[in-house]
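Enquirer: Sending over run.cif (mmCIF, C-alpha atoms).
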data_run
loop_
_atom_site.group_PDB
_atom_site.id
_atom_site.type_symbol
_atom_site.label_atom_id
_atom_site.label_comp_id
_atom_site.auth_asym_id
_atom_site.auth_seq_id
_atom_site.Cartn_x
_atom_site.Cartn_y
_atom_site.Cartn_z
ATOM 1 C CA MET J 1 89.172 87.918 128.476
ATOM 2 C CA LYS J 2 92.660 86.937 127.336
ATOM 3 C CA LEU J 3 92.619 85.830 123.714
ATOM 4 C CA ASP J 4 95.337 83.858 121.993
ATOM 5 C CA PRO J 5 97.486 86.032 119.668
ATOM 6 C CA ARG J 6 96.790 83.569 116.858
ATOM 7 C CA THR J 7 93.097 84.361 117.164
ATOM 8 C CA LYS J 8 93.836 88.072 116.977
ATOM 9 C CA LEU J 9 95.990 87.623 113.874
ATOM 10 C CA TYR J 10 93.214 85.602 112.271
ATOM 11 C CA MET J 11 90.799 88.439 113.047
ATOM 12 C CA ILE J 12 93.057 90.936 111.252
ATOM 13 C CA LEU J 13 93.405 88.612 108.255
ATOM 14 C CA THR J 14 89.661 88.045 107.982
ATOM 15 C CA VAL J 15 88.705 91.695 108.403
ATOM 16 C CA SER J 16 91.339 92.752 105.851
ATOM 17 C CA ALA J 17 89.949 90.274 103.325
ATOM 18 C CA VAL J 18 86.384 91.486 103.825
ATOM 19 C CA VAL J 19 87.156 95.215 103.587
ATOM 20 C CA MET J 20 88.883 94.660 100.245
ATOM 21 C CA MET J 21 85.468 93.708 98.839
ATOM 22 C CA SER J 22 82.861 96.432 98.432
ATOM 23 C CA ALA J 23 79.484 96.192 100.113
ATOM 24 C CA THR J 24 76.779 96.683 97.477
ATOM 25 C CA THR J 25 73.588 95.795 99.375
ATOM 26 C CA PRO J 26 72.129 96.744 102.772
ATOM 27 C CA PHE J 27 72.631 93.156 103.944
ATOM 28 C CA LEU J 28 76.358 93.257 103.096
ATOM 29 C CA TRP J 29 76.667 96.603 104.872
ATOM 30 C CA GLY J 30 75.033 95.016 107.904
ATOM 31 C CA VAL J 31 77.506 92.116 107.823
ATOM 32 C CA ARG J 32 80.425 94.531 107.637
ATOM 33 C CA ILE J 33 79.059 96.639 110.506
ATOM 34 C CA VAL J 34 78.683 93.537 112.677
ATOM 35 C CA MET J 35 82.273 92.560 111.938
ATOM 36 C CA THR J 36 83.432 96.073 112.835
ATOM 37 C CA LEU J 37 81.565 96.170 116.136
ATOM 38 C CA ILE J 38 83.166 92.951 117.420
ATOM 39 C CA PRO J 39 86.646 94.467 118.039
ATOM 40 C CA VAL J 40 84.955 97.555 119.523
ATOM 41 C CA ILE J 41 83.170 95.294 122.013
ATOM 42 C CA LEU J 42 86.453 93.530 122.727
ATOM 43 C CA LEU J 43 88.063 96.905 123.482
ATOM 44 C CA VAL J 44 85.273 97.600 125.981
ATOM 45 C CA ILE J 45 85.852 94.197 127.600
ATOM 46 C CA GLU J 46 89.557 95.067 127.901
ATOM 47 C CA LYS J 47 88.509 98.370 129.561
ATOM 48 C CA LYS J 48 89.857 100.485 126.710
ATOM 49 C CA TYR J 49 86.791 102.701 126.943
ATOM 50 C CA THR J 50 88.265 105.820 125.341
ATOM 51 C CA SER J 51 89.547 103.980 122.270
ATOM 52 C CA ALA J 52 86.292 102.065 121.900
ATOM 53 C CA PHE J 53 84.203 105.238 122.138
ATOM 54 C CA TRP J 54 86.213 107.233 119.594
ATOM 55 C CA PHE J 55 86.462 104.380 117.118
ATOM 56 C CA ALA J 56 82.727 103.713 117.347
ATOM 57 C CA PHE J 57 81.893 107.417 117.100
ATOM 58 C CA LEU J 58 84.117 108.054 114.072
ATOM 59 C CA TYR J 59 82.934 104.929 112.283
ATOM 60 C CA MET J 60 79.234 105.619 112.843
ATOM 61 C CA ALA J 61 79.642 109.297 111.916
ATOM 62 C CA ALA J 62 81.419 108.366 108.680
ATOM 63 C CA LEU J 63 78.779 105.734 107.993
ATOM 64 C CA VAL J 64 75.929 108.214 108.434
ATOM 65 C CA LEU J 65 77.635 110.864 106.312
ATOM 66 C CA THR J 66 78.335 108.347 103.563
ATOM 67 C CA PHE J 67 74.750 107.193 103.299
ATOM 68 C CA VAL J 68 73.280 110.706 103.679
ATOM 69 C CA PHE J 69 75.465 112.335 101.041
ATOM 70 C CA LEU J 70 75.412 109.374 98.679
ATOM 71 C CA SER J 71 71.640 109.450 98.740
ATOM 72 C CA GLU J 72 71.639 113.091 97.654
ATOM 73 C CA ASP J 73 72.947 114.879 94.583
ATOM 74 C CA SER J 74 76.585 115.492 95.523
ATOM 75 C CA ASN J 75 77.473 118.212 93.037
ATOM 76 C CA SER J 76 79.332 120.678 95.240
ATOM 77 C CA PHE J 77 83.012 120.282 96.044
ATOM 78 C CA PHE J 78 82.360 120.084 99.784
ATOM 79 C CA LYS J 79 79.808 117.292 99.444
ATOM 80 C CA THR J 80 82.023 115.380 97.026
ATOM 81 C CA PHE J 81 85.040 115.723 99.289
ATOM 82 C CA LEU J 82 83.075 114.757 102.400
ATOM 83 C CA THR J 83 81.524 111.766 100.654
ATOM 84 C CA GLY J 84 84.897 110.518 99.436
ATOM 85 C CA TYR J 85 86.581 111.028 102.809
ATOM 86 C CA SER J 86 83.741 109.309 104.705
ATOM 87 C CA GLY J 87 83.800 106.449 102.219
ATOM 88 C CA ILE J 88 87.513 105.883 102.851
ATOM 89 C CA VAL J 89 86.972 105.927 106.611
ATOM 90 C CA VAL J 90 84.092 103.466 106.377
ATOM 91 C CA GLN J 91 86.089 101.201 104.070
ATOM 92 C CA PHE J 92 89.286 100.934 106.106
ATOM 93 C CA MET J 93 88.224 101.739 109.683
ATOM 94 C CA PRO J 94 87.402 98.070 110.477
ATOM 95 C CA CYS J 95 91.047 97.120 109.799
ATOM 96 C CA LEU J 96 92.306 100.013 111.911
ATOM 97 C CA ILE J 97 90.051 99.135 114.845
ATOM 98 C CA THR J 98 91.051 95.469 114.763
ATOM 99 C CA ALA J 99 94.767 96.242 114.421
ATOM 100 C CA TRP J 100 94.588 98.758 117.278
ATOM 101 C CA TYR J 101 92.905 96.171 119.494
ATOM 102 C CA VAL J 102 95.604 93.613 118.686
ATOM 103 C CA VAL J 103 98.478 96.041 119.325
ATOM 104 C CA ARG J 104 97.064 97.387 122.581
ATOM 105 C CA THR J 105 96.167 93.995 124.091
ATOM 106 C CA THR J 106 99.027 91.748 122.954
ATOM 107 C CA LYS J 107 102.338 91.477 124.764
ATOM 108 C CA ILE J 108 105.474 91.090 122.685
ATOM 109 C CA GLY J 109 106.326 87.823 124.457
ATOM 110 C CA GLU J 110 102.922 86.372 123.610
ATOM 111 C CA PHE J 111 103.207 87.530 120.037
ATOM 112 C CA MET J 112 106.676 86.030 119.593
ATOM 113 C CA SER J 113 105.561 82.732 121.107
ATOM 114 C CA ALA J 114 102.527 82.597 118.814
ATOM 115 C CA MET J 115 104.617 83.314 115.720
ATOM 116 C CA GLN J 116 107.070 80.609 116.746
ATOM 117 C CA LYS J 117 104.255 78.094 117.158
ATOM 118 C CA MET J 118 103.056 78.942 113.648
ATOM 119 C CA HIS J 119 106.621 78.418 112.326
ATOM 120 C CA VAL J 120 106.812 81.926 110.875
ATOM 121 C CA PRO J 121 110.336 82.905 109.693
ATOM 122 C CA ASP J 122 112.305 85.011 112.162
ATOM 123 C CA GLY J 123 112.728 87.833 109.648
ATOM 124 C CA ILE J 124 108.968 88.377 109.468
ATOM 125 C CA THR J 125 108.516 87.878 113.210
ATOM 126 C CA ILE J 126 111.175 90.416 114.169
ATOM 127 C CA ALA J 127 109.834 93.004 111.716
ATOM 128 C CA LEU J 128 106.276 92.657 113.043
ATOM 129 C CA ALA J 129 107.454 92.740 116.665
ATOM 130 C CA VAL J 130 109.346 95.985 116.042
ATOM 131 C CA VAL J 131 106.310 97.510 114.341
ATOM 132 C CA MET J 132 104.035 96.520 117.233
ATOM 133 C CA ARG J 133 106.309 98.313 119.692
ATOM 134 C CA PHE J 134 107.030 101.236 117.374
ATOM 135 C CA PHE J 135 103.624 102.930 117.280
ATOM 136 C CA PRO J 136 102.843 102.811 121.034
ATOM 137 C CA THR J 137 106.338 104.166 121.696
ATOM 138 C CA ILE J 138 105.796 106.983 119.201
ATOM 139 C CA LYS J 139 102.527 107.862 120.928
ATOM 140 C CA GLU J 140 104.290 108.096 124.287
ATOM 141 C CA GLU J 141 107.067 110.184 122.747
ATOM 142 C CA TYR J 142 104.565 112.594 121.190
ATOM 143 C CA SER J 143 102.789 112.978 124.533
ATOM 144 C CA SER J 144 106.096 113.852 126.188
ATOM 145 C CA ILE J 145 106.921 116.384 123.464
ATOM 146 C CA SER J 146 103.441 117.938 123.788
ATOM 147 C CA ASP J 147 103.830 118.304 127.562
ATOM 148 C CA ALA J 148 107.229 119.931 127.112
ATOM 149 C CA MET J 149 105.851 122.393 124.545
ATOM 150 C CA LYS J 150 102.902 123.287 126.755
ATOM 151 C CA MET J 151 105.286 124.110 129.587
ATOM 152 C CA ARG J 152 107.015 126.533 127.197
ATOM 153 C CA GLY J 153 103.740 128.132 126.184
ATOM 154 C CA ILE J 154 103.731 126.758 122.633
ATOM 155 C CA ALA J 155 100.191 125.674 121.813
ATOM 156 C CA LEU J 156 97.988 125.531 118.739
ATOM 157 C CA GLY J 157 95.478 128.020 120.066
ATOM 158 C CA GLY J 158 97.981 130.616 121.230
ATOM 159 C CA GLY J 159 98.878 132.062 117.856
ATOM 160 C CA ASN J 160 101.993 129.883 117.582
ATOM 161 C CA ALA J 161 100.797 127.315 115.076
ATOM 162 C CA ALA J 162 104.039 127.533 113.081
ATOM 163 C CA LYS J 163 106.107 126.974 116.214
ATOM 164 C CA MET J 164 103.818 124.094 117.176
ATOM 165 C CA ILE J 165 104.650 122.342 113.903
ATOM 166 C CA GLU J 166 108.348 123.171 114.143
ATOM 167 C CA TYR J 167 108.866 122.282 117.796
ATOM 168 C CA ARG J 168 106.710 119.162 117.863
ATOM 169 C CA MET J 169 106.908 117.496 114.469
ATOM 170 C CA ILE J 170 110.661 117.879 113.912
ATOM 171 C CA PRO J 171 111.596 116.328 117.306
ATOM 172 C CA LEU J 172 109.036 113.596 116.614
ATOM 173 C CA LEU J 173 110.632 112.795 113.253
ATOM 174 C CA PHE J 174 114.066 112.484 114.856
ATOM 175 C CA SER J 175 112.535 110.362 117.614
ATOM 176 C CA CYS J 176 111.059 108.012 115.003
ATOM 177 C CA VAL J 177 114.516 107.344 113.589
ATOM 178 C CA ASN J 178 116.080 106.817 117.021
ATOM 179 C CA ILE J 179 113.251 104.635 118.296
ATOM 180 C CA GLY J 180 113.427 102.409 115.227
ATOM 181 C CA ASP J 181 117.160 101.883 115.758
ATOM 182 C CA GLU J 182 116.708 101.227 119.475
ATOM 183 C CA LEU J 183 113.933 98.689 118.942
ATOM 184 C CA SER J 184 115.964 96.876 116.299
ATOM 185 C CA ALA J 185 118.979 96.791 118.629
ATOM 186 C CA ALA J 186 116.797 95.509 121.477
ATOM 187 C CA ALA J 187 115.469 92.725 119.247
ATOM 188 C CA VAL J 188 119.003 91.621 118.350
ATOM 189 C CA THR J 189 120.140 91.853 121.991
ATOM 190 C CA ARG J 190 117.360 89.515 123.076
ATOM 191 C CA GLY J 191 118.569 86.889 120.652
ATOM 192 C CA LEU J 192 115.866 87.292 118.023
ATOM 193 C CA GLY J 193 117.080 85.863 114.756
ATOM 194 C CA GLY J 194 119.721 83.660 116.374
ATOM 195 C CA LYS J 195 120.403 80.083 115.346
ATOM 196 C CA VAL J 196 119.361 78.622 118.707
ATOM 197 C CA LYS J 197 115.642 78.013 119.125
ATOM 198 C CA ARG J 198 114.158 80.501 121.571
ATOM 199 C CA THR J 199 112.137 79.464 124.585
ATOM 200 C CA SER J 200 109.243 81.417 126.020
ATOM 201 C CA VAL J 201 107.647 81.717 129.446
ATOM 202 C CA GLU J 202 104.296 82.415 127.779
ATOM 203 C CA ARG J 203 102.123 79.328 127.534
ATOM 204 C CA LEU J 204 99.555 79.824 124.834
ATOM 205 C CA ARG J 205 96.467 77.730 124.311
ATOM 206 C CA MET J 206 93.206 78.225 122.514
ATOM 207 C CA ILE J 207 90.258 78.607 124.876
ATOM 208 C CA PHE J 208 86.525 78.522 124.208
ATOM 209 C CA PHE J 209 86.295 82.212 123.301
ATOM 210 C CA ASP J 210 89.167 81.846 120.831
ATOM 211 C CA TRP J 211 87.376 79.110 118.923
ATOM 212 C CA LEU J 212 84.108 81.036 119.166
ATOM 213 C CA LEU J 213 85.644 84.134 117.571
ATOM 214 C CA VAL J 214 87.360 82.059 114.888
ATOM 215 C CA ILE J 215 84.017 80.484 113.998
ATOM 216 C CA VAL J 216 82.196 83.845 114.069
ATOM 217 C CA PHE J 217 84.728 85.651 111.861
ATOM 218 C CA THR J 218 84.909 82.721 109.458
ATOM 219 C CA ALA J 219 81.118 82.589 109.212
ATOM 220 C CA VAL J 220 80.877 86.344 108.634
ATOM 221 C CA ALA J 221 83.518 86.223 105.895
ATOM 222 C CA VAL J 222 81.860 83.232 104.178
ATOM 223 C CA ILE J 223 78.424 84.880 104.349
ATOM 224 C CA PHE J 224 79.829 88.084 102.878
ATOM 225 C CA VAL J 225 81.497 86.269 99.966
ATOM 226 C CA VAL J 226 78.479 84.049 99.236
ATOM 227 C CA PHE J 227 75.945 86.870 99.230
ATOM 228 C CA LYS J 228 78.205 89.120 97.185
ATOM 229 C CA TYR J 229 79.321 86.742 94.444
ATOM 230 C CA PHE J 230 76.888 83.800 94.397
ATOM 231 C CA ILE J 231 73.480 85.152 95.409
#
How would this structure read if it were set down as structure tokens?
Expert:
Amino acid sequence: MKLDPRTKLYMILTVSAVVMMSATTPFLWGVRIVMTLIPVILLVIEKKYTSAFWFAFLYMAALVLTFVFLSEDSNSFFKTFLTGYSGIVVQFMPCLITAWYVVRTTKIGEFMSAMQKMHVPDGITIALAVVMRFFPTIKEEYSSISDAMKMRGIALGGGNAAKMIEYRMIPLLFSCVNIGDELSAAAVTRGLGGKVKRTSVERLRMIFFDWLLVIVFTAVAVIFVVFKYFI
């Protein structure tokens, strides 16, 4: 199911607005859980089974820990720390899941075309396009560094934890700087930010599922606000 990038951006905006408001009743928690499960289901539809499983597992585990420890007398340091950490995960995981879905399922060409149709300034468009390519590239770079370190016998469980940090994190930090420069140079080379209006081979149009998701996310956000502040 190929969604329009504008629908995906609207999903991020709506989820971000909802997570900034605290859920104070079981009904509001239910609304937030429903909103969180939608991008997980979309990841399954896109056959991103591993990401969907881990996101769902971490979110549900944090949710259970939050309710279990909040319902008890959390006097010890461990319980207080675990409650606070789980609360942060529950609060911001919906945004992370939605953003991950958007990044993993949206091509840069589609994203640029959608931003152009919405008349977004090139400065914002270029910055967001670089960010969208930055994190997947960093993940690939870290995987390559990990494979190289394993070939040299440097692993976390082999008594070389210090070397693991030195030989993996330092190359990754240098890679972050180089990748950022390369992506920025690639954006300029492709004419992003030029005075001539860019054309795109991507033809975007809103289909039935796009409008359905827009209506669903809008309804969920309106219900959340109404039941929180007016009822």
Enquirer: Taking only C-alpha atoms into account, name the residue in J:Ala114, J:Ile223, J:Leu65, J:Leu212 that is nearest to Asp4 (chain J).
Expert: J:Ala114
Enquirer: What is the distance, in Å and to one decimal place, between CA of Ile38 (chain J) and CA of Ile97 (chain J)?
Expert: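 Rounded to one decimal, the two atoms are 9.6 Å apart.
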Enquirer: Quick one, how far is CA of Ile165 (chain J) from CA of Asp147 (chain J)?
Expert: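 Pair CA of Ile165 (chain J) / CA of Asp147 (chain J) returns 14.3 Å.
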Enquirer: Take CA of Met169 (chain J) and CA of Ile145 (chain J) and report the distance between them in Å, one decimal.
Expert: 9.1 Å
Enquirer: What do you get, as a ChimeraX atom specification, if you spell out every residue that the PyMOL selection byres ((chain J and resi 216) around 12) selects here?
Expert: /J:7,10-11,14-15,31,34-35,38,209-215,217-223
Enquirer: In terms of the shortest atom-to-atom distance over all atoms listed in the file, which of J:Leu58, J:Glu166, J:Leu43, J:Leu204 is closest to Ile88 (chain J)?
Expert: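 Residue with the minimum atom-to-atom distance to Ile88 (chain J): J:Leu58.
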Enquirer: List as a list of chain:residue names the protein and nucleic acid residues near Met93 (chain J), meaning an atom at most 12 Å away when all atoms listed in the file are counted, but skip any in the same chain fewer than 6 places from it.
Expert: J:Ile12, J:Val15, J:Ser16, J:Val18, J:Val19, J:Met20, J:Arg32, J:Ile33, J:Met35, J:Thr36, J:Leu37, J:Pro39, J:Val40, J:Trp54, J:Phe55, J:Ala56, J:Phe57, J:Leu58, J:Tyr59, J:Met60, J:Ala61, J:Ala62, J:Leu63, J:Tyr85, J:Ser86, J:Gly87, J:Ala99, J:Trp100
Enquirer: Restricted to C-alpha atoms, what would the selected residues look like written as a CSV table (one decimal), in the coordinates of the input?
Expert:
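Here's the written file again06.csv:
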chain,number,residue,atom,x,y,z
J,12,ILE,CA,93.1,90.9,111.3
J,15,VAL,CA,88.7,91.7,108.4
J,16,SER,CA,91.3,92.8,105.9
J,18,VAL,CA,86.4,91.5,103.8
J,19,VAL,CA,87.2,95.2,103.6
J,20,MET,CA,88.9,94.7,100.2
J,32,ARG,CA,80.4,94.5,107.6
J,33,ILE,CA,79.1,96.6,110.5
J,35,MET,CA,82.3,92.6,111.9
J,36,THR,CA,83.4,96.1,112.8
J,37,LEU,CA,81.6,96.2,116.1
J,39,PRO,CA,86.6,94.5,118.0
J,40,VAL,CA,85.0,97.6,119.5
J,54,TRP,CA,86.2,107.2,119.6
J,55,PHE,CA,86.5,104.4,117.1
J,56,ALA,CA,82.7,103.7,117.3
J,57,PHE,CA,81.9,107.4,117.1
J,58,LEU,CA,84.1,108.1,114.1
J,59,TYR,CA,82.9,104.9,112.3
J,60,MET,CA,79.2,105.6,112.8
J,61,ALA,CA,79.6,109.3,111.9
J,62,ALA,CA,81.4,108.4,108.7
J,63,LEU,CA,78.8,105.7,108.0
J,85,TYR,CA,86.6,111.0,102.8
J,86,SER,CA,83.7,109.3,104.7
J,87,GLY,CA,83.8,106.4,102.2
J,99,ALA,CA,94.8,96.2,114.4
J,100,TRP,CA,94.6,98.8,117.3
Enquirer: Give me the region 162-185 of chain J side of the contact with region 117-140 of chain J, cut-off 9 Å, one line per residue showing its nearest atom pair and distance in Å at one decimal, counting only C-alpha atoms, sorted by chain and residue number, as JSON lines.
Expert:
{"residue": "J:Leu172", "atom": "CA", "partner": "J:Ile138", "partner_atom": "CA", "distance": 7.8}
{"residue": "J:Ser175", "atom": "CA", "partner": "J:Ile138", "partner_atom": "CA", "distance": 7.7}
{"residue": "J:Cys176", "atom": "CA", "partner": "J:Ile138", "partner_atom": "CA", "distance": 6.8}
{"residue": "J:Ile179", "atom": "CA", "partner": "J:Phe134", "partner_atom": "CA", "distance": 7.1}
{"residue": "J:Gly180", "atom": "CA", "partner": "J:Phe134", "partner_atom": "CA", "distance": 6.8}
{"residue": "J:Leu183", "atom": "CA", "partner": "J:Val130", "partner_atom": "CA", "distance": 6.1}
{"residue": "J:Ser184", "atom": "CA", "partner": "J:Val130", "partner_atom": "CA", "distance": 6.7}
Enquirer: Which residue is closest to Lys2 (chain J)? Choose from J:Ser146, J:Thr80, J:Asn178, J:Thr105 and count all atoms listed in the file.
Expert: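 Counting all atoms listed in the file, the residue closest to Lys2 (chain J) is J:Thr105.
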Enquirer: Would you output region 102-145 of chain J from that structure, restricted to C-alpha atoms, as an mmCIF file, in the first residue's frame?
Expert:
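Below is the file out_36.cif, written as the result:
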data_model
loop_
_atom_site.group_PDB
_atom_site.id
_atom_site.type_symbol
_atom_site.label_atom_id
_atom_site.label_comp_id
_atom_site.auth_asym_id
_atom_site.auth_seq_id
_atom_site.Cartn_x
_atom_site.Cartn_y
_atom_site.Cartn_z
ATOM 1 C CA VAL J 102 7.934 7.452 7.153
ATOM 2 C CA VAL J 103 11.725 7.314 6.736
ATOM 3 C CA ARG J 104 11.826 3.637 5.798
ATOM 4 C CA THR J 105 8.955 3.758 3.282
ATOM 5 C CA THR J 106 9.428 7.134 1.579
ATOM 6 C CA LYS J 107 11.770 7.713 -1.336
ATOM 7 C CA ILE J 108 13.653 10.990 -1.482
ATOM 8 C CA GLY J 109 12.157 11.774 -4.899
ATOM 9 C CA GLU J 110 8.634 11.309 -3.564
ATOM 10 C CA PHE J 111 9.400 13.406 -0.531
ATOM 11 C CA MET J 112 10.871 16.248 -2.589
ATOM 12 C CA SER J 113 7.907 16.208 -4.960
ATOM 13 C CA ALA J 114 5.458 16.311 -2.049
ATOM 14 C CA MET J 115 7.267 19.223 -0.404
ATOM 15 C CA GLN J 116 7.271 21.090 -3.705
ATOM 16 C CA LYS J 117 3.533 20.562 -4.107
ATOM 17 C CA MET J 118 3.012 21.995 -0.621
ATOM 18 C CA HIS J 119 5.162 25.029 -1.569
ATOM 19 C CA VAL J 120 7.602 24.443 1.286
ATOM 20 C CA PRO J 121 10.759 26.627 1.076
ATOM 21 C CA ASP J 122 13.790 24.889 -0.407
ATOM 22 C CA GLY J 123 15.861 25.504 2.722
ATOM 23 C CA ILE J 124 13.485 23.414 4.833
ATOM 24 C CA THR J 125 13.058 20.791 2.113
ATOM 25 C CA ILE J 126 16.789 20.263 1.625
ATOM 26 C CA ALA J 127 17.420 20.033 5.376
ATOM 27 C CA LEU J 128 14.681 17.422 5.842
ATOM 28 C CA ALA J 129 15.830 15.446 2.794
ATOM 29 C CA VAL J 130 19.382 15.289 4.156
ATOM 30 C CA VAL J 131 18.104 14.168 7.554
ATOM 31 C CA MET J 132 15.960 11.436 5.987
ATOM 32 C CA ARG J 133 18.998 10.015 4.202
ATOM 33 C CA PHE J 134 21.368 10.597 7.114
ATOM 34 C CA PHE J 135 20.040 8.072 9.632
ATOM 35 C CA PRO J 136 19.635 5.085 7.259
ATOM 36 C CA THR J 137 23.146 5.775 5.961
ATOM 37 C CA ILE J 138 24.513 5.878 9.508
ATOM 38 C CA LYS J 139 22.847 2.540 10.230
ATOM 39 C CA GLU J 140 24.507 0.980 7.187
ATOM 40 C CA GLU J 141 27.854 2.489 8.172
ATOM 41 C CA TYR J 142 27.578 1.113 11.710
ATOM 42 C CA SER J 143 26.765 -2.346 10.349
ATOM 43 C CA SER J 144 29.876 -2.218 8.170
ATOM 44 C CA ILE J 145 32.028 -1.106 11.110
#
